[in-house]
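Engineer: Following this line is run_38.pdb, made up of PDB, C-alpha atoms and all ligand atoms:
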ATOM      1  CA  MET L 778       9.593  -5.833  16.197
ATOM      2  CA  SER L 779       7.309  -4.193  18.772
ATOM      3  CA  LEU L 780       5.268  -1.165  17.707
ATOM      4  CA  GLU L 781       4.070  -0.507  21.254
ATOM      5  CA  GLY L 782       3.008   3.092  21.851
ATOM      6  CA  ARG L 783       3.351   4.063  18.189
ATOM      7  CA  THR L 784       0.734   5.444  15.815
ATOM      8  CA  THR L 785       0.572   4.020  12.300
ATOM      9  CA  VAL L 786      -1.480   5.542   9.478
ATOM     10  CA  ILE L 787      -2.651   3.125   6.789
ATOM     11  CA  THR L 788      -4.417   4.344   3.640
ATOM     12  CA  GLY L 789      -6.560   1.824   1.775
ATOM     13  CA  GLY L 790      -6.845   0.043   5.101
ATOM     14  CA  GLY L 791     -10.543  -0.698   4.759
ATOM     15  CA  ARG L 792      -9.976  -4.122   3.252
ATOM     16  CA  GLY L 793      -7.396  -6.409   1.635
ATOM     17  CA  ILE L 794      -3.679  -5.880   2.135
ATOM     18  CA  GLY L 795      -4.167  -2.524   3.902
ATOM     19  CA  LEU L 796      -6.578  -4.005   6.437
ATOM     20  CA  ALA L 797      -4.250  -6.950   7.092
ATOM     21  CA  ILE L 798      -1.393  -4.478   7.660
ATOM     22  CA  ALA L 799      -3.581  -2.499  10.091
ATOM     23  CA  GLU L 800      -4.474  -5.657  12.023
ATOM     24  CA  ALA L 801      -0.837  -6.787  12.214
ATOM     25  CA  ALA L 802       0.372  -3.347  13.320
ATOM     26  CA  ALA L 803      -2.308  -3.374  16.042
ATOM     27  CA  GLU L 804      -1.193  -6.855  17.110
ATOM     28  CA  ALA L 805       2.352  -5.473  17.471
ATOM     29  CA  GLY L 806       0.946  -2.763  19.773
ATOM     30  CA  SER L 807       0.539   0.230  17.463
ATOM     31  CA  ASN L 808      -2.445   2.542  17.578
ATOM     32  CA  ILE L 809      -3.883   2.767  14.104
ATOM     33  CA  ALA L 810      -5.529   5.396  11.926
ATOM     34  CA  VAL L 811      -7.154   3.801   8.893
ATOM     35  CA  LEU L 812      -8.068   5.870   5.830
ATOM     36  CA  ASP L 813     -10.213   4.551   2.990
ATOM     37  CA  VAL L 814     -12.870   5.682   0.555
ATOM     38  CA  LEU L 815     -15.203   2.808   1.522
ATOM     39  CA  ASP L 816     -18.330   3.681   3.540
ATOM     40  CA  LYS L 817     -17.023   1.392   6.260
ATOM     41  CA  PRO L 818     -14.071  -0.955   6.659
ATOM     42  CA  HIS L 819     -14.510  -4.725   6.361
ATOM     43  CA  LYS L 820     -13.609  -5.045  10.033
ATOM     44  CA  ARG L 821     -14.335  -2.653  12.911
ATOM     45  CA  ILE L 822     -11.092  -0.734  13.441
ATOM     46  CA  SER L 823     -12.139   0.233  16.969
ATOM     47  CA  GLU L 824     -12.195  -3.459  17.921
ATOM     48  CA  LEU L 825      -8.564  -4.315  17.199
ATOM     49  CA  GLY L 826      -7.453  -4.014  20.836
ATOM     50  CA  VAL L 827      -5.597  -0.694  20.469
ATOM     51  CA  LYS L 828      -6.691   2.873  19.898
ATOM     52  CA  GLY L 829      -8.036   2.714  16.352
ATOM     53  CA  LYS L 830     -10.043   5.040  14.183
ATOM     54  CA  TYR L 831     -11.505   4.872  10.682
ATOM     55  CA  TYR L 832     -11.494   7.982   8.493
ATOM     56  CA  ARG L 833     -13.530   7.971   5.298
ATOM     57  CA  VAL L 834     -11.352   9.881   2.839
ATOM     58  CA  ASP L 835     -10.473   9.895  -0.840
ATOM     59  CA  VAL L 836      -6.660  10.029  -1.182
ATOM     60  CA  THR L 837      -6.987  11.839  -4.513
ATOM     61  CA  LYS L 838      -8.481  14.884  -2.742
ATOM     62  CA  MET L 839      -5.786  16.999  -1.105
ATOM     63  CA  ASP L 840      -8.234  18.984   1.063
ATOM     64  CA  GLU L 841      -9.711  15.746   2.504
ATOM     65  CA  LEU L 842      -6.238  14.315   3.083
ATOM     66  CA  GLU L 843      -4.996  17.473   4.823
ATOM     67  CA  GLN L 844      -8.080  17.635   7.061
ATOM     68  CA  THR L 845      -7.696  13.966   7.948
ATOM     69  CA  PHE L 846      -4.011  14.250   8.855
ATOM     70  CA  GLY L 847      -4.977  17.289  10.944
ATOM     71  CA  LYS L 848      -7.568  15.194  12.814
ATOM     72  CA  ILE L 849      -5.062  12.362  13.278
ATOM     73  CA  GLY L 850      -2.656  14.888  14.811
ATOM     74  CA  ASP L 851      -5.368  16.090  17.222
ATOM     75  CA  GLU L 852      -6.683  12.620  18.081
ATOM     76  CA  PHE L 853      -3.475  10.534  18.210
ATOM     77  CA  GLY L 854      -0.876  13.216  18.916
ATOM     78  CA  ARG L 855       1.747  11.707  16.620
ATOM     79  CA  VAL L 856       2.518   9.674  13.489
ATOM     80  CA  ASP L 857       5.316   7.099  13.751
ATOM     81  CA  GLY L 858       4.533   4.952  10.743
ATOM     82  CA  CYS L 859       2.698   5.361   7.481
ATOM     83  CA  VAL L 860       1.688   2.749   4.915
ATOM     84  CA  PRO L 861       0.030   4.318   1.856
ATOM     85  CA  ALA L 862      -1.701   1.174   0.556
ATOM     86  CA  ALA L 863      -4.705   2.708  -1.248
ATOM     87  CA  GLY L 864      -4.542   1.559  -4.827
ATOM     88  CA  ILE L 865      -6.520   0.574  -7.903
ATOM     89  CA  VAL L 866      -5.663  -1.722 -10.811
ATOM     90  CA  LEU L 867      -6.496  -1.800 -14.520
ATOM     91  CA  ASP L 868      -5.949  -5.117 -16.285
ATOM     92  CA  LYS L 869      -6.714  -4.346 -19.921
ATOM     93  CA  PRO L 870      -4.780  -4.406 -23.226
ATOM     94  CA  SER L 871      -2.753  -1.238 -23.757
ATOM     95  CA  PHE L 872      -4.551  -0.740 -27.102
ATOM     96  CA  ASP L 873      -7.752  -0.096 -25.128
ATOM     97  CA  HIS L 874      -6.609   2.027 -22.151
ATOM     98  CA  THR L 875      -8.445   5.374 -22.116
ATOM     99  CA  TRP L 876      -7.087   8.735 -21.014
ATOM    100  CA  ASP L 877      -9.476   8.846 -18.029
ATOM    101  CA  GLU L 878      -8.573   5.335 -16.856
ATOM    102  CA  CYS L 879      -4.870   6.245 -16.962
ATOM    103  CA  GLU L 880      -5.550   9.483 -15.095
ATOM    104  CA  ASP L 881      -7.457   7.591 -12.368
ATOM    105  CA  LEU L 882      -4.540   5.166 -11.920
ATOM    106  CA  LEU L 883      -2.055   8.016 -11.679
ATOM    107  CA  LYS L 884      -4.262   9.984  -9.267
ATOM    108  CA  VAL L 885      -4.774   7.150  -6.776
ATOM    109  CA  ASN L 886      -1.582   5.106  -7.062
ATOM    110  CA  VAL L 887       0.958   7.899  -7.561
ATOM    111  CA  ARG L 888      -0.467  11.218  -6.387
ATOM    112  CA  GLY L 889      -2.442   9.640  -3.524
ATOM    113  CA  ALA L 890       0.615   7.753  -2.289
ATOM    114  CA  TYR L 891       2.824  10.823  -2.744
ATOM    115  CA  PHE L 892       0.693  13.250  -0.762
ATOM    116  CA  SER L 893      -0.163  10.718   1.957
ATOM    117  CA  THR L 894       3.591  10.249   2.357
ATOM    118  CA  GLN L 895       4.214  13.995   2.308
ATOM    119  CA  LEU L 896       1.647  14.718   5.029
ATOM    120  CA  ALA L 897       2.911  11.848   7.191
ATOM    121  CA  ALA L 898       6.516  12.982   6.707
ATOM    122  CA  ARG L 899       5.658  16.542   7.787
ATOM    123  CA  ALA L 900       4.165  15.244  11.036
ATOM    124  CA  MET L 901       7.160  12.928  11.533
ATOM    125  CA  ARG L 902       9.660  15.751  10.938
ATOM    126  CA  ALA L 903       7.919  17.925  13.527
ATOM    127  CA  GLN L 904       8.219  15.142  16.146
ATOM    128  CA  SER L 905      11.929  14.518  15.428
ATOM    129  CA  THR L 906      11.823  11.066  17.038
ATOM    130  CA  GLY L 907      12.430   8.994  13.881
ATOM    131  CA  ALA L 908       9.746   7.214  11.893
ATOM    132  CA  SER L 909       9.101   4.800   9.047
ATOM    133  CA  ILE L 910       7.151   4.900   5.780
ATOM    134  CA  VAL L 911       6.412   1.696   3.869
ATOM    135  CA  LEU L 912       5.111   2.161   0.335
ATOM    136  CA  ILE L 913       3.273  -0.562  -1.566
ATOM    137  CA  ALA L 914       4.733  -1.111  -5.028
ATOM    138  CA  SER L 915       4.173  -4.347  -6.981
ATOM    139  CA  MET L 916       5.982  -7.090  -8.842
ATOM    140  CA  ALA L 917       4.415  -5.406 -11.907
ATOM    141  CA  SER L 918       6.944  -2.599 -11.326
ATOM    142  CA  HIS L 919       9.774  -5.121 -11.819
ATOM    143  CA  HIS L 920       8.628  -7.159 -14.809
ATOM    144  CA  ALA L 921       5.666  -8.170 -16.982
ATOM    145  CA  VAL L 922       3.222 -10.548 -15.336
ATOM    146  CA  PRO L 923       1.740 -13.684 -16.952
ATOM    147  CA  LEU L 924      -1.679 -13.135 -18.596
ATOM    148  CA  GLN L 925      -2.253  -9.671 -17.121
ATOM    149  CA  HIS L 926      -2.149  -6.413 -19.104
ATOM    150  CA  LEU L 927      -0.737  -3.854 -16.693
ATOM    151  CA  SER L 928       0.844  -1.305 -19.035
ATOM    152  CA  MET L 929      -0.254   1.680 -16.880
ATOM    153  CA  TYR L 930      -0.698  -0.004 -13.483
ATOM    154  CA  GLY L 931       2.927  -1.263 -13.664
ATOM    155  CA  PRO L 932       4.344   2.225 -14.325
ATOM    156  CA  THR L 933       2.327   3.707 -11.440
ATOM    157  CA  LYS L 934       3.956   1.147  -9.132
ATOM    158  CA  GLY L 935       7.368   1.863 -10.703
ATOM    159  CA  ALA L 936       6.754   5.497  -9.759
ATOM    160  CA  VAL L 937       5.977   4.422  -6.189
ATOM    161  CA  ARG L 938       9.311   2.562  -5.982
ATOM    162  CA  ILE L 939      11.313   5.518  -7.289
ATOM    163  CA  MET L 940       9.324   7.845  -4.988
ATOM    164  CA  MET L 941      10.449   5.661  -2.103
ATOM    165  CA  THR L 942      14.132   5.817  -3.177
ATOM    166  CA  GLN L 943      14.081   9.605  -3.542
ATOM    167  CA  MET L 944      12.189  10.200  -0.295
ATOM    168  CA  ALA L 945      14.370   7.788   1.675
ATOM    169  CA  ALA L 946      17.430   9.878   0.812
ATOM    170  CA  GLU L 947      15.678  13.193   1.454
ATOM    171  CA  LEU L 948      14.109  12.203   4.778
ATOM    172  CA  ALA L 949      17.122  10.388   6.243
ATOM    173  CA  PRO L 950      18.447  13.486   8.095
ATOM    174  CA  TRP L 951      15.310  13.325  10.296
ATOM    175  CA  ASN L 952      15.758   9.554  10.757
ATOM    176  CA  ILE L 953      12.584   9.002   8.754
ATOM    177  CA  ARG L 954      13.098   5.741   6.878
ATOM    178  CA  GLY L 955      11.413   4.959   3.570
ATOM    179  CA  ASN L 956      11.119   1.472   2.107
ATOM    180  CA  SER L 957       8.694  -0.398  -0.120
ATOM    181  CA  ILE L 958       7.380  -3.869  -0.715
ATOM    182  CA  SER L 959       6.521  -5.401  -4.085
ATOM    183  CA  PRO L 960       3.785  -7.985  -3.604
ATOM    184  CA  GLY L 961       3.161 -10.665  -6.195
ATOM    185  CA  PHE L 962      -0.361 -11.979  -6.842
ATOM    186  CA  ILE L 963      -2.045 -11.780  -3.423
ATOM    187  CA  ARG L 964      -5.572 -13.059  -2.740
ATOM    188  CA  THR L 965      -7.759  -9.935  -2.164
ATOM    189  CA  GLU L 966     -10.866  -8.317  -3.658
ATOM    190  CA  MET L 967      -8.581  -6.637  -6.199
ATOM    191  CA  THR L 968      -7.182  -9.890  -7.581
ATOM    192  CA  HIS L 969     -10.573 -11.600  -7.214
ATOM    193  CA  LEU L 970     -11.976  -9.034  -9.675
ATOM    194  CA  CYS L 971      -9.041  -9.600 -12.062
ATOM    195  CA  ALA L 972      -9.614 -13.368 -11.867
ATOM    196  CA  ARG L 973     -13.321 -12.881 -12.638
ATOM    197  CA  GLN L 974     -12.295 -11.123 -15.846
ATOM    198  CA  GLN L 975      -9.881 -13.947 -16.750
ATOM    199  CA  PRO L 976     -10.854 -17.210 -15.048
ATOM    200  CA  GLU L 977      -7.539 -18.940 -15.890
ATOM    201  CA  LEU L 978      -5.587 -16.239 -14.008
ATOM    202  CA  SER L 979      -5.817 -17.929 -10.593
ATOM    203  CA  LYS L 980      -4.432 -21.182 -11.989
ATOM    204  CA  VAL L 981      -1.593 -19.448 -13.845
ATOM    205  CA  MET L 982      -0.699 -17.310 -10.793
ATOM    206  CA  GLY L 983      -0.830 -20.375  -8.596
ATOM    207  CA  ASN L 984       1.757 -22.071 -10.786
ATOM    208  CA  ALA L 985       4.001 -19.217 -11.898
ATOM    209  CA  PRO L 986       5.868 -18.453  -8.641
ATOM    210  CA  PRO L 987       8.627 -20.947  -7.741
ATOM    211  CA  LEU L 988       6.863 -21.381  -4.371
ATOM    212  CA  GLY L 989       3.883 -22.689  -6.369
ATOM    213  CA  ARG L 990       0.948 -20.834  -4.857
ATOM    214  CA  ILE L 991      -0.955 -17.559  -4.766
ATOM    215  CA  GLY L 992       0.085 -15.235  -1.922
ATOM    216  CA  GLU L 993      -2.107 -14.422   1.073
ATOM    217  CA  THR L 994      -2.303 -11.122   2.951
ATOM    218  CA  SER L 995      -0.656 -12.960   5.871
ATOM    219  CA  ASP L 996       2.439 -13.344   3.636
ATOM    220  CA  ILE L 997       2.738  -9.544   3.444
ATOM    221  CA  VAL L 998       2.352  -8.279   6.983
ATOM    222  CA  GLY L 999       5.551  -9.603   8.584
ATOM    223  CA  ALA L1000       7.781  -7.632   6.211
ATOM    224  CA  VAL L1001       5.740  -4.469   6.764
ATOM    225  CA  ASN L1002       5.855  -4.769  10.555
ATOM    226  CA  TYR L1003       9.610  -5.372  10.331
ATOM    227  CA  LEU L1004      10.118  -2.245   8.203
ATOM    228  CA  LEU L1005       7.915  -0.183  10.545
ATOM    229  CA  SER L1006       9.785  -1.356  13.636
ATOM    230  CA  ASP L1007      13.169  -0.574  15.189
ATOM    231  CA  ALA L1008      14.385  -3.998  13.983
ATOM    232  CA  ALA L1009      14.828  -2.197  10.628
ATOM    233  CA  ALA L1010      16.460   0.897  12.193
ATOM    234  CA  TYR L1011      19.387   0.759   9.708
ATOM    235  CA  THR L1012      17.275  -0.154   6.661
ATOM    236  CA  THR L1013      16.117   2.548   4.292
ATOM    237  CA  GLY L1014      15.700   2.949   0.541
ATOM    238  CA  VAL L1015      15.068  -0.726  -0.214
ATOM    239  CA  ASP L1016      12.271  -2.665  -1.888
ATOM    240  CA  ILE L1017      11.343  -6.149  -0.683
ATOM    241  CA  PRO L1018       9.672  -8.326  -3.335
ATOM    242  CA  ILE L1019       7.101 -10.685  -1.755
ATOM    243  CA  ALA L1020       6.081 -12.700  -4.778
ATOM    244  CA  GLY L1021       6.811 -16.352  -4.038
ATOM    245  CA  GLY L1022      10.050 -16.074  -6.024
ATOM    246  CA  MET L1023       8.456 -14.639  -9.178
ATOM    247  CA  THR L1024      11.432 -12.310  -9.539
ATOM    248  CA  CYS L1025      13.785 -15.271  -9.950
ATOM    249  CA  GLY L1026      11.629 -17.103 -12.527
ATOM    250  CA  ARG L1027      10.209 -20.621 -12.522
ATOM    251  CA  ILE L1028      12.063 -23.719 -13.660
ATOM    252  CA  ALA L1029       9.683 -26.258 -15.195
ATOM    253  CA  SER L1030       9.568 -29.461 -13.179
TER     254      SER L1030
HETATM  255  N1  LIG U1101      -3.448  -7.911  -4.363
HETATM  256  C1  LIG U1101      -2.332  -7.939  -5.059
HETATM  257  O1  LIG U1101      -1.992  -8.961  -5.697
HETATM  258  C2  LIG U1101      -1.397  -6.763  -5.083
HETATM  259  C3  LIG U1101      -0.142  -6.940  -5.647
HETATM  260  C4  LIG U1101       0.738  -5.876  -5.678
HETATM  261  C5  LIG U1101       0.387  -4.648  -5.128
HETATM  262  N2  LIG U1101      -0.845  -4.498  -4.593
HETATM  263  C6  LIG U1101      -1.171  -3.194  -4.027
HETATM  264  O2  LIG U1101      -1.541  -3.355  -2.671
HETATM  265  C7  LIG U1101      -2.458  -2.324  -2.302
HETATM  266  C8  LIG U1101      -3.702  -2.966  -1.700
HETATM  267  O3  LIG U1101      -4.306  -3.779  -2.708
HETATM  268  P1  LIG U1101      -5.397  -4.894  -2.391
HETATM  269  O4  LIG U1101      -5.073  -6.071  -3.202
HETATM  270  O5  LIG U1101      -5.581  -5.027  -0.929
HETATM  271  O6  LIG U1101      -6.655  -4.196  -3.113
HETATM  272  P2  LIG U1101      -8.131  -3.886  -2.564
HETATM  273  O7  LIG U1101      -8.857  -3.356  -3.746
HETATM  274  O8  LIG U1101      -8.670  -5.065  -1.866
HETATM  275  O9  LIG U1101      -7.855  -2.727  -1.493
HETATM  276  C9  LIG U1101      -7.500  -1.424  -1.909
HETATM  277  C10 LIG U1101      -8.125  -0.451  -0.963
HETATM  278  O10 LIG U1101      -7.788   0.880  -1.408
HETATM  279  C11 LIG U1101      -8.948   1.675  -1.270
HETATM  280  N3  LIG U1101      -8.914   2.819  -2.193
HETATM  281  C12 LIG U1101      -8.947   2.793  -3.543
HETATM  282  N4  LIG U1101      -8.978   4.038  -4.020
HETATM  283  C13 LIG U1101      -8.965   4.870  -2.947
HETATM  284  C14 LIG U1101      -9.005   6.275  -2.807
HETATM  285  N5  LIG U1101      -9.073   7.100  -3.863
HETATM  286  N6  LIG U1101      -8.961   6.795  -1.555
HETATM  287  C15 LIG U1101      -8.906   5.982  -0.461
HETATM  288  N7  LIG U1101      -8.879   4.641  -0.548
HETATM  289  C16 LIG U1101      -8.915   4.095  -1.778
HETATM  290  C17 LIG U1101     -10.101   0.739  -1.637
HETATM  291  O11 LIG U1101     -11.350   1.219  -1.179
HETATM  292  C18 LIG U1101      -9.670  -0.543  -0.954
HETATM  293  O12 LIG U1101     -10.147  -0.642   0.369
HETATM  294  C19 LIG U1101      -2.742  -1.538  -3.587
HETATM  295  O13 LIG U1101      -1.904  -0.398  -3.630
HETATM  296  C20 LIG U1101      -2.354  -2.504  -4.676
HETATM  297  O14 LIG U1101      -2.005  -1.841  -5.879
HETATM  298  C21 LIG U1101      -1.759  -5.524  -4.550
END
Show me this structure written as structure tokens.
Structural biologist:
Amino acid sequence: MSLEGRTTVITGGGRGIGLAIAEAAAEAGSNIAVLDVLDKPHKRISELGVKGKYYRVDVTKMDELEQTFGKIGDEFGRVDGCVPAAGIVLDKPSFDHTWDECEDLLKVNVRGAYFSTQLAARAMRAQSTGASIVLIASMASHHAVPLQHLSMYGPTKGAVRIMMTQMAAELAPWNIRGNSISPGFIRTEMTHLCARQQPELSKVMGNAPPLGRIGETSDIVGAVNYLLSDAAAYTTGVDIPIAGGMTCGRIAS
């Protein structure tokens, strides 16, 4: 599962799941390029014990993304892994979604993930040494979620999963693997904001998964490191749900 000598690009790596993925990839030996729209990341990327750099970039802006991948090429020399984790959520009844809110979700979660993947894949193809892309979908792409109203967020994550399936097949000739994970309710700023809107959400999400608790970012990173590494050399085109068993339902006890 070593990522020694590799370079991994993580979008949305300034905090939350993306930052945890960046830290875990660094722990496995990978150099890391972290992209996020935040002024600065919640942890200094240059202090993770590997070569690490933070790039302030909005993944919905193609010119910024292209420039940033160009800089990563100059500064790191290669891209071996990419985790497009930048994402936003909208938890609101479908009756009240606005056009602009839906457009924002599509821009960040679908188009941002798509073009981050495209730019990473171009660099990977040019290297012809094999590589891995791990997209971040969601359990909301598999089924409805208790209490939450995710009628547009869920579809954006469904798009991410199908994107992964299509790209995995297309990129396989260059030994570029594409997989995704579908996290359940994971404790981050994103879910903290959702729980502030609906205070009972944390309790419900703590009870709903058969494993009987909310997920932590530490529950996510092992699967991502596995998919990035050579341990998953024969694994492509799959989605790994990490939702405490939410996908298999809860039997009342
Ligand atoms: N937390 C969960 O329960 C959960 C569950 C399933 C999927 N996810 C997905 O995991 C990913 C990370 O979520 P999180 O919970 O860590 O959320 P978070 O809000 O804590 O982190 C998301 C990061 O993405 C960045 N971002 C947002 N828009 C951006 C843009 N336009 N350009 C660049 N960066 C941008 C934010 O600044 C932030 O740092 C998201 O794609 C989210 O949809 C989260």
Engineer: Throw together the list of residues within 7 Å of ligand LIG 1101 (chain U), counting all atoms listed in the file, and drop it here as an mmCIF file with C-alpha atoms, in the coordinates of the input.
Structural biologist:
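Output (selection-v5.cif):
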data_model
loop_
_atom_site.group_PDB
_atom_site.id
_atom_site.type_symbol
_atom_site.label_atom_id
_atom_site.label_comp_id
_atom_site.auth_asym_id
_atom_site.auth_seq_id
_atom_site.Cartn_x
_atom_site.Cartn_y
_atom_site.Cartn_z
ATOM 1 C CA THR L 788 -4.417 4.344 3.640
ATOM 2 C CA GLY L 789 -6.560 1.824 1.775
ATOM 3 C CA GLY L 790 -6.845 0.043 5.101
ATOM 4 C CA GLY L 791 -10.543 -0.698 4.759
ATOM 5 C CA ARG L 792 -9.976 -4.122 3.252
ATOM 6 C CA GLY L 793 -7.396 -6.409 1.635
ATOM 7 C CA ILE L 794 -3.679 -5.880 2.135
ATOM 8 C CA GLY L 795 -4.167 -2.524 3.902
ATOM 9 C CA LEU L 812 -8.068 5.870 5.830
ATOM 10 C CA ASP L 813 -10.213 4.551 2.990
ATOM 11 C CA VAL L 814 -12.870 5.682 0.555
ATOM 12 C CA LEU L 815 -15.203 2.808 1.522
ATOM 13 C CA VAL L 834 -11.352 9.881 2.839
ATOM 14 C CA ASP L 835 -10.473 9.895 -0.840
ATOM 15 C CA VAL L 836 -6.660 10.029 -1.182
ATOM 16 C CA THR L 837 -6.987 11.839 -4.513
ATOM 17 C CA ALA L 862 -1.701 1.174 0.556
ATOM 18 C CA ALA L 863 -4.705 2.708 -1.248
ATOM 19 C CA GLY L 864 -4.542 1.559 -4.827
ATOM 20 C CA ILE L 865 -6.520 0.574 -7.903
ATOM 21 C CA VAL L 866 -5.663 -1.722 -10.811
ATOM 22 C CA VAL L 885 -4.774 7.150 -6.776
ATOM 23 C CA ASN L 886 -1.582 5.106 -7.062
ATOM 24 C CA ILE L 913 3.273 -0.562 -1.566
ATOM 25 C CA ALA L 914 4.733 -1.111 -5.028
ATOM 26 C CA SER L 915 4.173 -4.347 -6.981
ATOM 27 C CA MET L 916 5.982 -7.090 -8.842
ATOM 28 C CA SER L 959 6.521 -5.401 -4.085
ATOM 29 C CA PRO L 960 3.785 -7.985 -3.604
ATOM 30 C CA GLY L 961 3.161 -10.665 -6.195
ATOM 31 C CA PHE L 962 -0.361 -11.979 -6.842
ATOM 32 C CA ILE L 963 -2.045 -11.780 -3.423
ATOM 33 C CA ARG L 964 -5.572 -13.059 -2.740
ATOM 34 C CA THR L 965 -7.759 -9.935 -2.164
ATOM 35 C CA GLU L 966 -10.866 -8.317 -3.658
ATOM 36 C CA MET L 967 -8.581 -6.637 -6.199
ATOM 37 C CA THR L 968 -7.182 -9.890 -7.581
#
Engineer: Which residue out of L:Val1001, L:Ile953, L:Ala810, L:Ala1010 has the minimum interatomic distance to Thr906 of chain L when only C-alpha atoms are used?
Structural biologist: L:Ile953
Engineer: Within 9 Å of Ser893 of chain L, counting all atoms listed in the file, which residues qualify if same-chain residues fewer than 2 places away don't, as a VMD selection string?
Structural biologist: chain L and resid 788 836 839 842 to 843 846 859 to 861 888 to 891 895 to 898
Engineer: Which residues would end up in the selection if the PyMOL selection byres (((chain L and resi 983) around 12) and not hetatm) were applied here, given that I need the answer as a PDB file with C-alpha atoms, in the frame of the given file?
Structural biologist:
ATOM      1  CA  PRO L 923       1.740 -13.684 -16.952  1.00  0.00           C
ATOM      2  CA  GLY L 961       3.161 -10.665  -6.195  1.00  0.00           C
ATOM      3  CA  PHE L 962      -0.361 -11.979  -6.842  1.00  0.00           C
ATOM      4  CA  ILE L 963      -2.045 -11.780  -3.423  1.00  0.00           C
ATOM      5  CA  ARG L 964      -5.572 -13.059  -2.740  1.00  0.00           C
ATOM      6  CA  ALA L 972      -9.614 -13.368 -11.867  1.00  0.00           C
ATOM      7  CA  GLU L 977      -7.539 -18.940 -15.890  1.00  0.00           C
ATOM      8  CA  LEU L 978      -5.587 -16.239 -14.008  1.00  0.00           C
ATOM      9  CA  SER L 979      -5.817 -17.929 -10.593  1.00  0.00           C
ATOM     10  CA  LYS L 980      -4.432 -21.182 -11.989  1.00  0.00           C
ATOM     11  CA  VAL L 981      -1.593 -19.448 -13.845  1.00  0.00           C
ATOM     12  CA  MET L 982      -0.699 -17.310 -10.793  1.00  0.00           C
ATOM     13  CA  ASN L 984       1.757 -22.071 -10.786  1.00  0.00           C
ATOM     14  CA  ALA L 985       4.001 -19.217 -11.898  1.00  0.00           C
ATOM     15  CA  PRO L 986       5.868 -18.453  -8.641  1.00  0.00           C
ATOM     16  CA  PRO L 987       8.627 -20.947  -7.741  1.00  0.00           C
ATOM     17  CA  LEU L 988       6.863 -21.381  -4.371  1.00  0.00           C
ATOM     18  CA  GLY L 989       3.883 -22.689  -6.369  1.00  0.00           C
ATOM     19  CA  ARG L 990       0.948 -20.834  -4.857  1.00  0.00           C
ATOM     20  CA  ILE L 991      -0.955 -17.559  -4.766  1.00  0.00           C
ATOM     21  CA  GLY L 992       0.085 -15.235  -1.922  1.00  0.00           C
ATOM     22  CA  GLU L 993      -2.107 -14.422   1.073  1.00  0.00           C
ATOM     23  CA  ALA L1020       6.081 -12.700  -4.778  1.00  0.00           C
ATOM     24  CA  GLY L1021       6.811 -16.352  -4.038  1.00  0.00           C
ATOM     25  CA  GLY L1022      10.050 -16.074  -6.024  1.00  0.00           C
ATOM     26  CA  MET L1023       8.456 -14.639  -9.178  1.00  0.00           C
ATOM     27  CA  ARG L1027      10.209 -20.621 -12.522  1.00  0.00           C
TER      28      ARG L1027
END
Engineer: Taking only C-alpha atoms into account, produce a table as a tab-separated table in which each residue of segment 828-910 of chain L with an atom at most 10 Å from an atom of segment 799-807 of chain L appears once, together with its shortest atom pair and the distance in Å to one decimal, ordered by chain and rising number.
Structural biologist:
residue	atom	partner	partner_atom	distance
L:Lys828	CA	L:Ser807	CA	8.1
L:Gly829	CA	L:Ala803	CA	8.4
L:Asp857	CA	L:Ser807	CA	9.2
L:Gly858	CA	L:Ser807	CA	9.1
L:Val860	CA	L:Ala799	CA	9.1
Engineer: For atom CA of Thr845 of chain L and atom CA of Arg833 of chain L, quote the distance in Å rounded to one decimal.
Structural biologist: 8.8 Å
Engineer: I want to know what sits within 7 Å of segment 868-880 of chain L, based on all atoms listed in the file, with residues of the same chain fewer than 2 positions away left out; could you give that as a VMD selection string?
Structural biologist: chain L and resid 866 882 to 884 925 to 929 971
Engineer: Output C-alpha atoms of each residue in that selection to a file, as a CSV table (one decimal), keeping the file's coordinate frame.
Structural biologist:
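Resulting contents of out_5.csv:
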chain,number,residue,atom,x,y,z
L,866,VAL,CA,-5.7,-1.7,-10.8
L,882,LEU,CA,-4.5,5.2,-11.9
L,883,LEU,CA,-2.1,8.0,-11.7
L,884,LYS,CA,-4.3,10.0,-9.3
L,925,GLN,CA,-2.3,-9.7,-17.1
L,926,HIS,CA,-2.1,-6.4,-19.1
L,927,LEU,CA,-0.7,-3.9,-16.7
L,928,SER,CA,0.8,-1.3,-19.0
L,929,MET,CA,-0.3,1.7,-16.9
L,971,CYS,CA,-9.0,-9.6,-12.1
Engineer: With only C-alpha atoms counted, which protein, DNA or RNA residues have an atom no more than 10 Å from (12.4, 9.2, -0.6) in the file frame? Please answer as a VMD selection string.
Structural biologist: chain L and resid 891 894 to 895 910 937 to 949 953 to 956 1013 to 1014
Engineer: Could you take the residues named above and write them with C-alpha atoms, as a compact mmCIF listing (two decimals), in the frame of the given file?
Structural biologist:
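Now in out08.txt:
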# COMPACT_ATOMS: atom_id res chain seq x y z
CA TYR L 891 2.82 10.82 -2.74
CA THR L 894 3.59 10.25 2.36
CA GLN L 895 4.21 14.00 2.31
CA ILE L 910 7.15 4.90 5.78
CA VAL L 937 5.98 4.42 -6.19
CA ARG L 938 9.31 2.56 -5.98
CA ILE L 939 11.31 5.52 -7.29
CA MET L 940 9.32 7.84 -4.99
CA MET L 941 10.45 5.66 -2.10
CA THR L 942 14.13 5.82 -3.18
CA GLN L 943 14.08 9.60 -3.54
CA MET L 944 12.19 10.20 -0.30
CA ALA L 945 14.37 7.79 1.68
CA ALA L 946 17.43 9.88 0.81
CA GLU L 947 15.68 13.19 1.45
CA LEU L 948 14.11 12.20 4.78
CA ALA L 949 17.12 10.39 6.24
CA ILE L 953 12.58 9.00 8.75
CA ARG L 954 13.10 5.74 6.88
CA GLY L 955 11.41 4.96 3.57
CA ASN L 956 11.12 1.47 2.11
CA THR L 1013 16.12 2.55 4.29
CA GLY L 1014 15.70 2.95 0.54
